[in-house]
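K.L.:
Sending over a structure as structure tokens; questions will come in a sec.
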Amino acid sequence: MAATAAPRSPATIAPAPPTLAVPLPLAGLLARAVVAGLVAAAVLVPPLLAGSVWQQRIALAAIYAVIGLSVNVLTGHAGQISLGHQAFVGIGAFTSAYLSFRLAAGFPVAVLVAAATGAALAGVLGLAALRIRGLYLALVTLAFGLTAETTLFNWRAFTGGGAGAEAPRPALVGTDLRYSYLCLAVLGLVLLLDWRLVRTKAGRAFVVLRGDERVAATLGVNVTGYKLLAFVLSGLLAGLAGALFAHWSQVVQALDFDFQIALVWVVMAVVGGLRSRAGVVLASAFFALLPTVLPELLTASPVQPPFLNEAVYHVLPPFVAVVLLLLTLILVPGGVGQLLLPVRRWLAGGRLRTGRSAPQAGDGG
Amino acid sequence: MTGLLEVRALSLRFGGLQVLDAVDLDLPEGMVVGLIGPNGAGKTSLFNCLTGSYRPQQGTVRFRGRDISGLPTHRRAALGIARTWQNLGVVGGLTVADNVLLARHQHAGYHALAGLLGLPGTGRRERELRRDTEEVLDYLDLRQYAAEPVDGLPYGIQKRCDLAMALATDPELLLLDEPSSGMGPEEAHQLGATLAELTGQLRLTVLMIEHHVPLVVAICDYVYVLNVGQLLAQGEPAKIQQHPDVVAAYLGEPDGAA
Amino acid sequence: MWTFLVQGVFQGAVYGLLAVGLVLVYKGTRVFNFAQGEFGSVAAFVTWGLLLHTAVPYLVAFVGGLLAAVAMGLLVERAVVRPLFAASRLILLVATVGVALLAIALTVLAAQPQARVLPPAVAGEPITVAGASVLPQQILVLVALAAVAAGLAGFFRTDLGLAVLAVSQDPVATRVVGINPVMLSRVIWGLAAGLGGLAGLLQAPVGIFTPGFMTATTLLPAFAAAVLGGMTSLPGAFAGGVAIGVAQNLGIYLLGQQLAVPGAAELTVFGLLLAVLLVRPQGLLGKAA
């Protein structure tokens with residue numbers, strides 16, 4: 001493939017100056033290293049200091065972040081919508097539970113097979129997406145999620161019906177502390193994968209595919225293949241997150257994967273800012289913690305709003321989610337990622353307060 | 001001279017509308033061929049049939065003697081068929097350099113999954129791809145705009161970026177859809193020089209839809225005239241200008257600006 | 001079996017009402033409205049609340065519910081649809097998903113997450129019509145539908161109604177008709193919300209209802225109905241609703257009762273939706289593009 005390029009390529013005229021070349025002063029480098037170190041510490045230290053409750057919450061936040069990144073691959077990168085993501089996360093959870101509890105498979109095997117199952121299920125839905133586009137695809141994914149929820153997840157032999165399926169943790173990651181580090185490590189890997197995706201062939205194919213499929217095809221992009229790849233990759237991450245979730249909660253039920261949660265997952269990716277890794281992770285963590293932390297804050301507050309009680313706490317998170325969604329869409333369409341953009345630019349070596357996008361060649365000083 | 005592209009009896013219908021009717025067309029290698037005709041003649045539809053975006057009901061398209069009528073678009077691109085777009089195929093929010101990098105897709109030299117997993121060699125190929133990109137940018141004098149988002153640039157520069165993307169696929173056959181539209185006479189003249197250079201240095205074969213008659217006369221070796229889906233005339237540009245049928249078809253709209 | 005089919009017709013009428021609203025909004029303002037079901041849920045809860053807390057007669061509570069739905073439709077149009085009109089259609093879809101979630105959350109806050117019962121407008125024992133067991137309430141459903149059809153037919157003869165109809169058939173028509181597009185958008189959303197509200201009020205007395213019940217159980221069949229009608233024709237959408245209702249009950253009977261497949265209702269709708277979109281994307285009644 002590469003070999004055919006050489007003889008016909010236009011002739012080189014002169015060695016070019018590198019496009020991104022604004023050397024940072026040492027102080028600037030140090031400041032950025034400190035900030036990066038602080039971010040790393042902010043992620044890695046809390047599990048050590050926190051009690052079991054917060055260790056569990058951190059693990060859940062990491063799992064949600066993987067789900068958010070899974071939605072991001074499909075919707076952010078490939079421009080395909082999924083309102084039925086609970087199908088992929090759920091199948092991952094039940095598969096991992098079934099393998100590790102019923103078949104006594106090893107934990108890594110269970111998790112990997114779960115991820116593969118998520119990928120396979122998403123691939124099947126992806127086949128439909130080859131023919132069905134845009135808003136109609138959104139409908140199909142919604143219907144797919146609902147159907148998976150009511151048929152697959154209510155299949156007693158597989159999911160244990162209403163009682164749920166047990167998903168034990170292996171001894172190595174048996175404690176909440178260790179499990180939280182496992183989830184953070186997986187999140188790290190997924191972030192790495194997303195970074196690689198964006199910077200290589202597949203990510204660029206998604207960019208042009210998202211814009212215009214016909215243009216993509218004339219540039220040599222196999223539209224069918226890359227659409228399927230987006231679904232499979234997204235399903236893989238969703239299945240992985242589902243497996244982590246199963247062993248996190250140790251009992252999974254069909255109720256854990258209702259259609260509302262799939263909608264919240266889409267919302268969190270949009271609020272985070274599609275295609276912004278940091279934004280999606282932050283927003284996902286926020287939505288993971290909201291259902292437990294918000295009621296806690298409300299119960300602890302001295303004044304109790306009259307209409308609130310235990311029963312309605314669980315609808316407050318979607319409520320907050322939606323208010324954030326609408327505010328995001330109307331005021332900051334780029335989501336959290338858009339708000340983080342100046343910081344990111346600064347970390348990458350730009351100035352904090354430049355109005356322009358990227359630093360340009362020859363414009364340093 | 002061998003025929004690079006051979007179109008035989010190509011017919012395309014949308015519902016009851018006959019868009020192309022038994023069109024024959026030959027592109028000898030290394031030639032610049034013009035495709036002219038009034039609006040609605042089916043010129044862009046013909047392009048879409050050549051790239052595989054549309055599936056004609058009848059007829060064959062041969063490329064280097066091989067029947068490619070059944071091939072999907074990306075496989076035709078891999079054989080060396082590239083095109084530009086009348087309303088631009090650029091991705092607006094991206095920089096010029098990133099757009100051209102997108103277009104190097106099929107020359108990445110590694111599998112998409114290998115890139116995803118960061119297998120050895122992909123990093124080196126990525127650096128090489130960026131160098132390829134810079135070559136293309138330099139070739140079309142786009143270097144100064146490399147880091148600018150495309151949608152903020154003047155239309156003429158955007159068109160050049162679109163052309164750069166087509167060139168970045170390393171084509172053998174280049175289909176240009178109204179390359180001079182939206183350009184002033186000065187820019188159109190410059191474009192003519194660029195195209196002459198392209199065919200001269202890179203030995204590309206070009207089929208171009210063009211309304212700007214002086215440009216057609218200046219750089220085309222041969223011209224096909226399409227009218228309501230049918231081939232009206234063909235020949236050398238100077239003769240085509242005098243052809244009575246062509247004059248009749250164009251009556252009242254000298255450069256097709258209806 | 002026969003009763004299943006007849007019940008399917010009544011269930012389908014509810015889908016059809018929602019589907020007509022979906023098509024109106026889609027053709028008129030290019031929005032796939034995922035909050036359409038919640039117009040019905042909100043109407044049902046407002047009527048239920050009025051009956052519980054006030055001494056108003058059923059009819060007044062019923063109209064109150066309808067008005068609440070219309071008000072919600074106008075609010076959504078003003079607060080969500082218009083500010084986002086320039087956004088992509090996918091973003092608008094996500095926004096209406098947000099509206100649905102918000103409406104569900106608000107209903108839970110106001111009415112608690114418990115199953116409620118709305119008495120039917122007409123109580124009474126089932127009677128047998130043409131060999132199928134039918135509730136008096138269901139006779140009322142037919143009367144209500146006839147009234148809606150007559151009302152819409154009358155409305156579509158007025159200038160405003162003609163404009164709505166024109167724009168629902170060809171979005172470019174607004175400019176030609178020369179009616180204020182903002183006004184038209186309001187009328188379309190109000191009308192669609194009213195139809196959604198009516199659907200909710202007809203659906204709620206069938207069993208128990210909980211916050212979000214319309215979105216959970218009727219929204220998808222309604223979309224399938226609209227797609228079946230080609231997303232263009234209002235009568236087509238209603239007919240699609242009835243067809244989906246019957247097919248769904250057939251699916252419940254054959255798959256669920258005979259073969260004990262869980263989720264037979266959802267499976268049937270999903271299968272139908274997929275089949276229509278794959279085989280005949282323009283709908284059974286739509287014209288080929």
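Simple scheme: letters A, B, ... for chains in structure tokens order, numbers from 1 for residues in each chain, numbers from 1 for ligands in the order shown.
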What's the 7 Å shell around Ile209 (chain B), counting only C-alpha atoms, without same-chain residues fewer than 3 positions away, as a ChimeraX atom specification?
P.N.:
/B:34-36,43,176-178
K.L.:
Can you check which residues of chain A have any atom within 6 Å of chain B? Use only C-alpha atoms and format it as number ranges by chain.
P.N.:
A: 1-2, 12, 196-197, 200-202, 204, 215, 217-222
K.L.:
Include C-alpha atoms and write out the residues we just selected as a PDB file, in the first residue's frame.
P.N.:
```pdb
ATOM      1  CA  MET A   1       0.000   0.000   0.000  1.00  0.00           C
ATOM      2  CA  ALA A   2       2.633   2.490   1.094  1.00  0.00           C
ATOM      3  CA  THR A  12       9.576  17.769  -1.980  1.00  0.00           C
ATOM      4  CA  ARG A 196      -4.544   6.058  19.996  1.00  0.00           C
ATOM      5  CA  LEU A 197      -7.823   5.948  18.098  1.00  0.00           C
ATOM      6  CA  THR A 200      -4.306   7.096  13.979  1.00  0.00           C
ATOM      7  CA  LYS A 201      -5.965   5.880  10.810  1.00  0.00           C
ATOM      8  CA  ALA A 202      -9.235   4.709  12.347  1.00  0.00           C
ATOM      9  CA  ARG A 204      -9.273   9.999  11.025  1.00  0.00           C
ATOM     10  CA  VAL A 215     -16.546  11.940   0.678  1.00  0.00           C
ATOM     11  CA  ALA A 217     -15.627   6.591   0.509  1.00  0.00           C
ATOM     12  CA  THR A 218     -13.928   8.488  -2.316  1.00  0.00           C
ATOM     13  CA  LEU A 219     -10.937   8.993  -0.028  1.00  0.00           C
ATOM     14  CA  GLY A 220     -10.730   5.217   0.243  1.00  0.00           C
ATOM     15  CA  VAL A 221     -12.464   4.795   3.591  1.00  0.00           C
ATOM     16  CA  ASN A 222     -14.420   1.550   3.785  1.00  0.00           C
TER      17      ASN A 222
END
```
K.L.:
Could you please write out, as a PDB file with C-alpha atoms, in the first residue's frame, every residue of region 49-247 of chain C that DSSP assigns to helix (DSSP H, G or I)?
P.N.:
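File produced: selection_11.pdb:
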```
ATOM      1  CA  GLY C  49     -54.377  14.804  40.929  1.00  0.00           C
ATOM      2  CA  LEU C  50     -57.431  16.937  40.208  1.00  0.00           C
ATOM      3  CA  LEU C  51     -59.762  14.027  40.926  1.00  0.00           C
ATOM      4  CA  LEU C  52     -57.919  13.190  44.142  1.00  0.00           C
ATOM      5  CA  HIS C  53     -57.514  16.666  45.600  1.00  0.00           C
ATOM      6  CA  TYR C  58     -64.458  13.882  35.803  1.00  0.00           C
ATOM      7  CA  LEU C  59     -64.936  15.896  32.630  1.00  0.00           C
ATOM      8  CA  VAL C  60     -63.332  19.001  34.147  1.00  0.00           C
ATOM      9  CA  ALA C  61     -60.384  16.964  35.430  1.00  0.00           C
ATOM     10  CA  PHE C  62     -60.079  15.371  32.001  1.00  0.00           C
ATOM     11  CA  VAL C  63     -59.982  18.739  30.256  1.00  0.00           C
ATOM     12  CA  GLY C  64     -57.545  19.965  32.913  1.00  0.00           C
ATOM     13  CA  GLY C  65     -55.202  17.129  32.036  1.00  0.00           C
ATOM     14  CA  LEU C  66     -55.449  17.937  28.347  1.00  0.00           C
ATOM     15  CA  LEU C  67     -54.736  21.608  28.985  1.00  0.00           C
ATOM     16  CA  ALA C  68     -51.708  20.686  31.099  1.00  0.00           C
ATOM     17  CA  ALA C  69     -50.349  18.642  28.200  1.00  0.00           C
ATOM     18  CA  VAL C  70     -50.908  21.505  25.767  1.00  0.00           C
ATOM     19  CA  ALA C  71     -49.203  23.918  28.157  1.00  0.00           C
ATOM     20  CA  MET C  72     -46.274  21.555  28.421  1.00  0.00           C
ATOM     21  CA  GLY C  73     -46.075  21.326  24.636  1.00  0.00           C
ATOM     22  CA  LEU C  74     -45.966  25.108  24.317  1.00  0.00           C
ATOM     23  CA  LEU C  75     -43.335  25.313  27.030  1.00  0.00           C
ATOM     24  CA  VAL C  76     -41.145  22.719  25.330  1.00  0.00           C
ATOM     25  CA  GLU C  77     -41.525  24.549  22.039  1.00  0.00           C
ATOM     26  CA  ARG C  78     -40.502  27.858  23.595  1.00  0.00           C
ATOM     27  CA  ALA C  79     -37.791  26.713  26.026  1.00  0.00           C
ATOM     28  CA  VAL C  80     -36.129  23.874  24.134  1.00  0.00           C
ATOM     29  CA  VAL C  81     -37.056  23.608  20.484  1.00  0.00           C
ATOM     30  CA  ARG C  89     -31.326  17.243  14.458  1.00  0.00           C
ATOM     31  CA  LEU C  90     -29.511  14.675  16.539  1.00  0.00           C
ATOM     32  CA  ILE C  91     -28.879  17.280  19.245  1.00  0.00           C
ATOM     33  CA  LEU C  92     -32.560  18.228  19.167  1.00  0.00           C
ATOM     34  CA  LEU C  93     -33.427  14.569  19.572  1.00  0.00           C
ATOM     35  CA  VAL C  94     -31.149  14.323  22.607  1.00  0.00           C
ATOM     36  CA  ALA C  95     -32.780  17.485  23.965  1.00  0.00           C
ATOM     37  CA  THR C  96     -36.266  15.966  23.726  1.00  0.00           C
ATOM     38  CA  VAL C  97     -34.912  12.851  25.426  1.00  0.00           C
ATOM     39  CA  GLY C  98     -33.863  15.257  28.155  1.00  0.00           C
ATOM     40  CA  VAL C  99     -37.345  16.747  28.283  1.00  0.00           C
ATOM     41  CA  ALA C 100     -38.836  13.270  28.727  1.00  0.00           C
ATOM     42  CA  LEU C 101     -36.472  12.465  31.580  1.00  0.00           C
ATOM     43  CA  LEU C 102     -37.216  15.835  33.168  1.00  0.00           C
ATOM     44  CA  ALA C 103     -40.961  15.299  32.933  1.00  0.00           C
ATOM     45  CA  ILE C 104     -40.604  11.864  34.530  1.00  0.00           C
ATOM     46  CA  ALA C 105     -38.484  13.306  37.343  1.00  0.00           C
ATOM     47  CA  LEU C 106     -41.000  16.097  37.941  1.00  0.00           C
ATOM     48  CA  THR C 107     -43.937  13.681  38.014  1.00  0.00           C
ATOM     49  CA  VAL C 108     -42.126  11.585  40.580  1.00  0.00           C
ATOM     50  CA  LEU C 109     -41.404  14.661  42.683  1.00  0.00           C
ATOM     51  CA  ALA C 110     -45.014  15.758  42.539  1.00  0.00           C
ATOM     52  CA  ALA C 111     -46.802  12.424  42.778  1.00  0.00           C
ATOM     53  CA  PRO C 136     -67.603   0.474  28.118  1.00  0.00           C
ATOM     54  CA  GLN C 137     -64.531   2.741  28.443  1.00  0.00           C
ATOM     55  CA  GLN C 138     -63.332   1.367  25.144  1.00  0.00           C
ATOM     56  CA  ILE C 139     -66.571   2.365  23.474  1.00  0.00           C
ATOM     57  CA  LEU C 140     -65.828   5.821  24.790  1.00  0.00           C
ATOM     58  CA  VAL C 141     -62.386   5.614  23.199  1.00  0.00           C
ATOM     59  CA  LEU C 142     -64.064   5.128  19.838  1.00  0.00           C
ATOM     60  CA  VAL C 143     -66.330   8.097  20.468  1.00  0.00           C
ATOM     61  CA  ALA C 144     -63.348  10.226  21.505  1.00  0.00           C
ATOM     62  CA  LEU C 145     -61.452   9.241  18.375  1.00  0.00           C
ATOM     63  CA  ALA C 146     -64.412  10.072  16.165  1.00  0.00           C
ATOM     64  CA  ALA C 147     -64.608  13.449  17.905  1.00  0.00           C
ATOM     65  CA  VAL C 148     -60.876  14.047  17.373  1.00  0.00           C
ATOM     66  CA  ALA C 149     -61.124  13.078  13.733  1.00  0.00           C
ATOM     67  CA  ALA C 150     -64.077  15.408  13.221  1.00  0.00           C
ATOM     68  CA  GLY C 151     -62.315  18.178  15.155  1.00  0.00           C
ATOM     69  CA  LEU C 152     -59.135  17.823  13.127  1.00  0.00           C
ATOM     70  CA  ALA C 153     -61.071  17.687   9.872  1.00  0.00           C
ATOM     71  CA  GLY C 154     -62.782  20.946  10.863  1.00  0.00           C
ATOM     72  CA  PHE C 155     -59.526  22.527  11.973  1.00  0.00           C
ATOM     73  CA  ASP C 159     -56.550  28.977   7.291  1.00  0.00           C
ATOM     74  CA  LEU C 160     -54.309  28.021  10.182  1.00  0.00           C
ATOM     75  CA  GLY C 161     -55.222  24.373   9.856  1.00  0.00           C
ATOM     76  CA  LEU C 162     -54.493  24.455   6.148  1.00  0.00           C
ATOM     77  CA  ALA C 163     -51.107  25.978   6.879  1.00  0.00           C
ATOM     78  CA  VAL C 164     -50.344  23.230   9.419  1.00  0.00           C
ATOM     79  CA  LEU C 165     -51.422  20.612   6.920  1.00  0.00           C
ATOM     80  CA  ALA C 166     -49.422  22.241   4.139  1.00  0.00           C
ATOM     81  CA  VAL C 167     -46.295  22.443   6.228  1.00  0.00           C
ATOM     82  CA  SER C 168     -46.729  18.891   7.454  1.00  0.00           C
ATOM     83  CA  GLN C 169     -46.732  17.758   3.851  1.00  0.00           C
ATOM     84  CA  ALA C 173     -44.765  25.508   2.208  1.00  0.00           C
ATOM     85  CA  THR C 174     -44.625  27.828   5.248  1.00  0.00           C
ATOM     86  CA  ARG C 175     -42.851  30.465   3.258  1.00  0.00           C
ATOM     87  CA  VAL C 176     -45.373  30.152   0.457  1.00  0.00           C
ATOM     88  CA  VAL C 177     -48.443  30.210   2.676  1.00  0.00           C
ATOM     89  CA  PRO C 181     -43.614  30.413  11.270  1.00  0.00           C
ATOM     90  CA  VAL C 182     -43.326  30.989  15.026  1.00  0.00           C
ATOM     91  CA  MET C 183     -47.092  30.911  15.336  1.00  0.00           C
ATOM     92  CA  LEU C 184     -47.206  27.779  13.219  1.00  0.00           C
ATOM     93  CA  SER C 185     -44.552  26.051  15.313  1.00  0.00           C
ATOM     94  CA  ARG C 186     -46.577  26.845  18.450  1.00  0.00           C
ATOM     95  CA  VAL C 187     -49.790  25.506  16.954  1.00  0.00           C
ATOM     96  CA  ILE C 188     -48.071  22.311  15.839  1.00  0.00           C
ATOM     97  CA  TRP C 189     -46.506  21.641  19.214  1.00  0.00           C
ATOM     98  CA  GLY C 190     -49.717  22.542  21.057  1.00  0.00           C
ATOM     99  CA  LEU C 191     -51.761  20.268  18.833  1.00  0.00           C
ATOM    100  CA  ALA C 192     -49.298  17.403  19.090  1.00  0.00           C
ATOM    101  CA  ALA C 193     -49.153  17.772  22.859  1.00  0.00           C
ATOM    102  CA  GLY C 194     -52.954  17.765  23.051  1.00  0.00           C
ATOM    103  CA  LEU C 195     -53.111  14.548  21.052  1.00  0.00           C
ATOM    104  CA  GLY C 196     -50.400  13.071  23.290  1.00  0.00           C
ATOM    105  CA  GLY C 197     -52.358  14.124  26.352  1.00  0.00           C
ATOM    106  CA  LEU C 198     -55.497  12.466  25.021  1.00  0.00           C
ATOM    107  CA  ALA C 199     -53.532   9.289  24.355  1.00  0.00           C
ATOM    108  CA  GLY C 200     -52.318   9.307  27.942  1.00  0.00           C
ATOM    109  CA  LEU C 201     -55.802   9.845  29.334  1.00  0.00           C
ATOM    110  CA  LEU C 202     -57.118   6.933  27.285  1.00  0.00           C
ATOM    111  CA  GLN C 203     -54.204   4.681  28.202  1.00  0.00           C
ATOM    112  CA  ALA C 204     -54.004   5.364  31.957  1.00  0.00           C
ATOM    113  CA  PRO C 205     -57.332   3.742  32.982  1.00  0.00           C
ATOM    114  CA  VAL C 206     -56.399   0.495  31.180  1.00  0.00           C
ATOM    115  CA  PHE C 213     -45.498   5.022  31.850  1.00  0.00           C
ATOM    116  CA  MET C 214     -46.274   6.430  28.421  1.00  0.00           C
ATOM    117  CA  THR C 215     -42.599   6.732  27.474  1.00  0.00           C
ATOM    118  CA  ALA C 216     -41.864   3.257  28.755  1.00  0.00           C
ATOM    119  CA  THR C 217     -44.730   1.449  27.089  1.00  0.00           C
ATOM    120  CA  LEU C 219     -43.575   5.742  22.777  1.00  0.00           C
ATOM    121  CA  LEU C 220     -41.746   3.109  20.813  1.00  0.00           C
ATOM    122  CA  PRO C 221     -44.830   1.462  19.295  1.00  0.00           C
ATOM    123  CA  ALA C 222     -45.987   4.972  18.382  1.00  0.00           C
ATOM    124  CA  PHE C 223     -42.715   5.667  16.596  1.00  0.00           C
ATOM    125  CA  ALA C 224     -42.996   2.333  14.842  1.00  0.00           C
ATOM    126  CA  ALA C 225     -46.496   3.361  13.790  1.00  0.00           C
ATOM    127  CA  ALA C 226     -45.289   6.690  12.460  1.00  0.00           C
ATOM    128  CA  VAL C 227     -42.518   4.941  10.521  1.00  0.00           C
ATOM    129  CA  LEU C 228     -45.026   2.446   9.174  1.00  0.00           C
ATOM    130  CA  LEU C 234     -51.344  11.732   9.474  1.00  0.00           C
ATOM    131  CA  PRO C 235     -53.999   9.129   8.636  1.00  0.00           C
ATOM    132  CA  GLY C 236     -51.136   6.786   7.739  1.00  0.00           C
ATOM    133  CA  ALA C 237     -49.641   7.253  11.193  1.00  0.00           C
ATOM    134  CA  PHE C 238     -52.964   6.488  12.855  1.00  0.00           C
ATOM    135  CA  ALA C 239     -53.534   3.430  10.703  1.00  0.00           C
ATOM    136  CA  GLY C 240     -49.962   2.406  11.494  1.00  0.00           C
ATOM    137  CA  GLY C 241     -50.787   2.681  15.181  1.00  0.00           C
ATOM    138  CA  VAL C 242     -53.734   0.340  14.868  1.00  0.00           C
ATOM    139  CA  ALA C 243     -51.654  -2.078  12.822  1.00  0.00           C
ATOM    140  CA  ILE C 244     -48.867  -2.046  15.418  1.00  0.00           C
ATOM    141  CA  GLY C 245     -51.387  -2.539  18.229  1.00  0.00           C
ATOM    142  CA  VAL C 246     -52.903  -5.578  16.545  1.00  0.00           C
ATOM    143  CA  ALA C 247     -49.521  -7.021  15.564  1.00  0.00           C
TER     144      ALA C 247
END
```
K.L.:
Do you know which residues are at most 8 Å from Thr3 (chain C) counting only C-alpha atoms, after dropping those on the same chain fewer than 6 positions away, and could you put them as an NGL selection string?
P.N.:
:C and (131-133)
K.L.:
What's the separation between CA of Ala288 (chain A) and CA of Tyr64 (chain A), in Å to one decimal place?
P.N.:
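Taking CA of Ala288 (chain A) as the start and CA of Tyr64 (chain A) as the end point, the length is 6.0 Å.
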K.L.:
If the cut-off is 6 Å, can you tell me the residues of chain A near chain C, counting only C-alpha atoms? I'd like them as a PyMOL selection string.
P.N.:
chain A and resi 143+147+150-151+315+319+322
K.L.:
Could you list, with a cut-off of 12 Å and counting only C-alpha atoms, the residues of chain B near chain C, each shown with its nearest atom pair and the distance in Å rounded to one decimal, rows sorted by chain and ascending number, as a Markdown table?
P.N.:
```
| residue | atom | partner | partner_atom | distance |
| --- | --- | --- | --- | --- |
| B:Phe14 | CA | C:Ala289 | CA | 8.7 |
| B:Gly15 | CA | C:Ala289 | CA | 7.7 |
| B:Gly16 | CA | C:Ala289 | CA | 10.8 |
| B:Leu17 | CA | C:Ala289 | CA | 11.8 |
```
K.L.:
Any chance you can output those residues with all heavy atoms as a JSON list (two decimals), in the first residue's frame?
P.N.:
```json
[["chain", "number", "residue", "atom", "x", "y", "z"],
["B", 14, "PHE", "N", -33.43, 7.77, -11.94],
["B", 14, "PHE", "CA", -33.98, 7.94, -10.59],
["B", 14, "PHE", "C", -35.48, 7.92, -10.74],
["B", 14, "PHE", "O", -36.06, 8.87, -11.24],
["B", 14, "PHE", "CB", -33.54, 9.28, -9.99],
["B", 14, "PHE", "CG", -32.11, 9.30, -9.54],
["B", 14, "PHE", "CD1", -31.31, 10.42, -9.76],
["B", 14, "PHE", "CD2", -31.56, 8.21, -8.90],
["B", 14, "PHE", "CE1", -29.99, 10.43, -9.35],
["B", 14, "PHE", "CE2", -30.24, 8.23, -8.48],
["B", 14, "PHE", "CZ", -29.46, 9.33, -8.71],
["B", 15, "GLY", "N", -36.11, 6.83, -10.29],
["B", 15, "GLY", "CA", -37.55, 6.72, -10.50],
["B", 15, "GLY", "C", -37.83, 6.79, -11.98],
["B", 15, "GLY", "O", -37.27, 6.04, -12.77],
["B", 16, "GLY", "N", -38.65, 7.74, -12.39],
["B", 16, "GLY", "CA", -39.00, 7.85, -13.80],
["B", 16, "GLY", "C", -38.07, 8.78, -14.57],
["B", 16, "GLY", "O", -38.23, 8.98, -15.77],
["B", 17, "LEU", "N", -37.08, 9.35, -13.86],
["B", 17, "LEU", "CA", -36.24, 10.36, -14.47],
["B", 17, "LEU", "C", -34.98, 9.74, -15.06],
["B", 17, "LEU", "O", -34.20, 9.10, -14.36],
["B", 17, "LEU", "CB", -35.85, 11.40, -13.40],
["B", 17, "LEU", "CG", -35.14, 12.65, -13.90],
["B", 17, "LEU", "CD1", -36.08, 13.51, -14.73],
["B", 17, "LEU", "CD2", -34.60, 13.43, -12.72]]
```
K.L.:
Between CA of Val43 (chain A) and CA of Thr328 (chain A), what distance in Å does the model show, to one decimal?
P.N.:
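Answer for the CA of Val43 (chain A) to CA of Thr328 (chain A) separation: 25.5 Å.
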K.L.:
For Val232 (chain A), work out the shell of residues within 10 Å, counting only C-alpha atoms and skipping chain neighbours fewer than 2 positions away, then give it as number ranges by chain.
P.N.:
A: 73-74, 115-126, 226-230, 234-238
K.L.:
Quick check, in Å to one decimal: how far apart do CA of Ala185 (chain A) and CA of Phe107 (chain A) lie?
P.N.:
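Between CA of Ala185 (chain A) and CA of Phe107 (chain A) the gap works out to 15.5 Å.
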K.L.:
Excluding same-chain residues fewer than 5 positions from Asn227 (chain B), what lies within 10 Å of it counting only C-alpha atoms, as a VMD selection string?
P.N.:
chain B and resid 19 to 21 36 to 43 232 to 233 245 to 246 249 to 250
K.L.:
From the options A:Ala285, A:Ala61, A:Leu192, A:Leu244, which residue's atoms come nearest to Ile91 (chain A), counting only C-alpha atoms?
P.N.:
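Among A:Ala285, A:Ala61, A:Leu192, A:Leu244, it is A:Leu244 that comes nearest to Ile91 (chain A).
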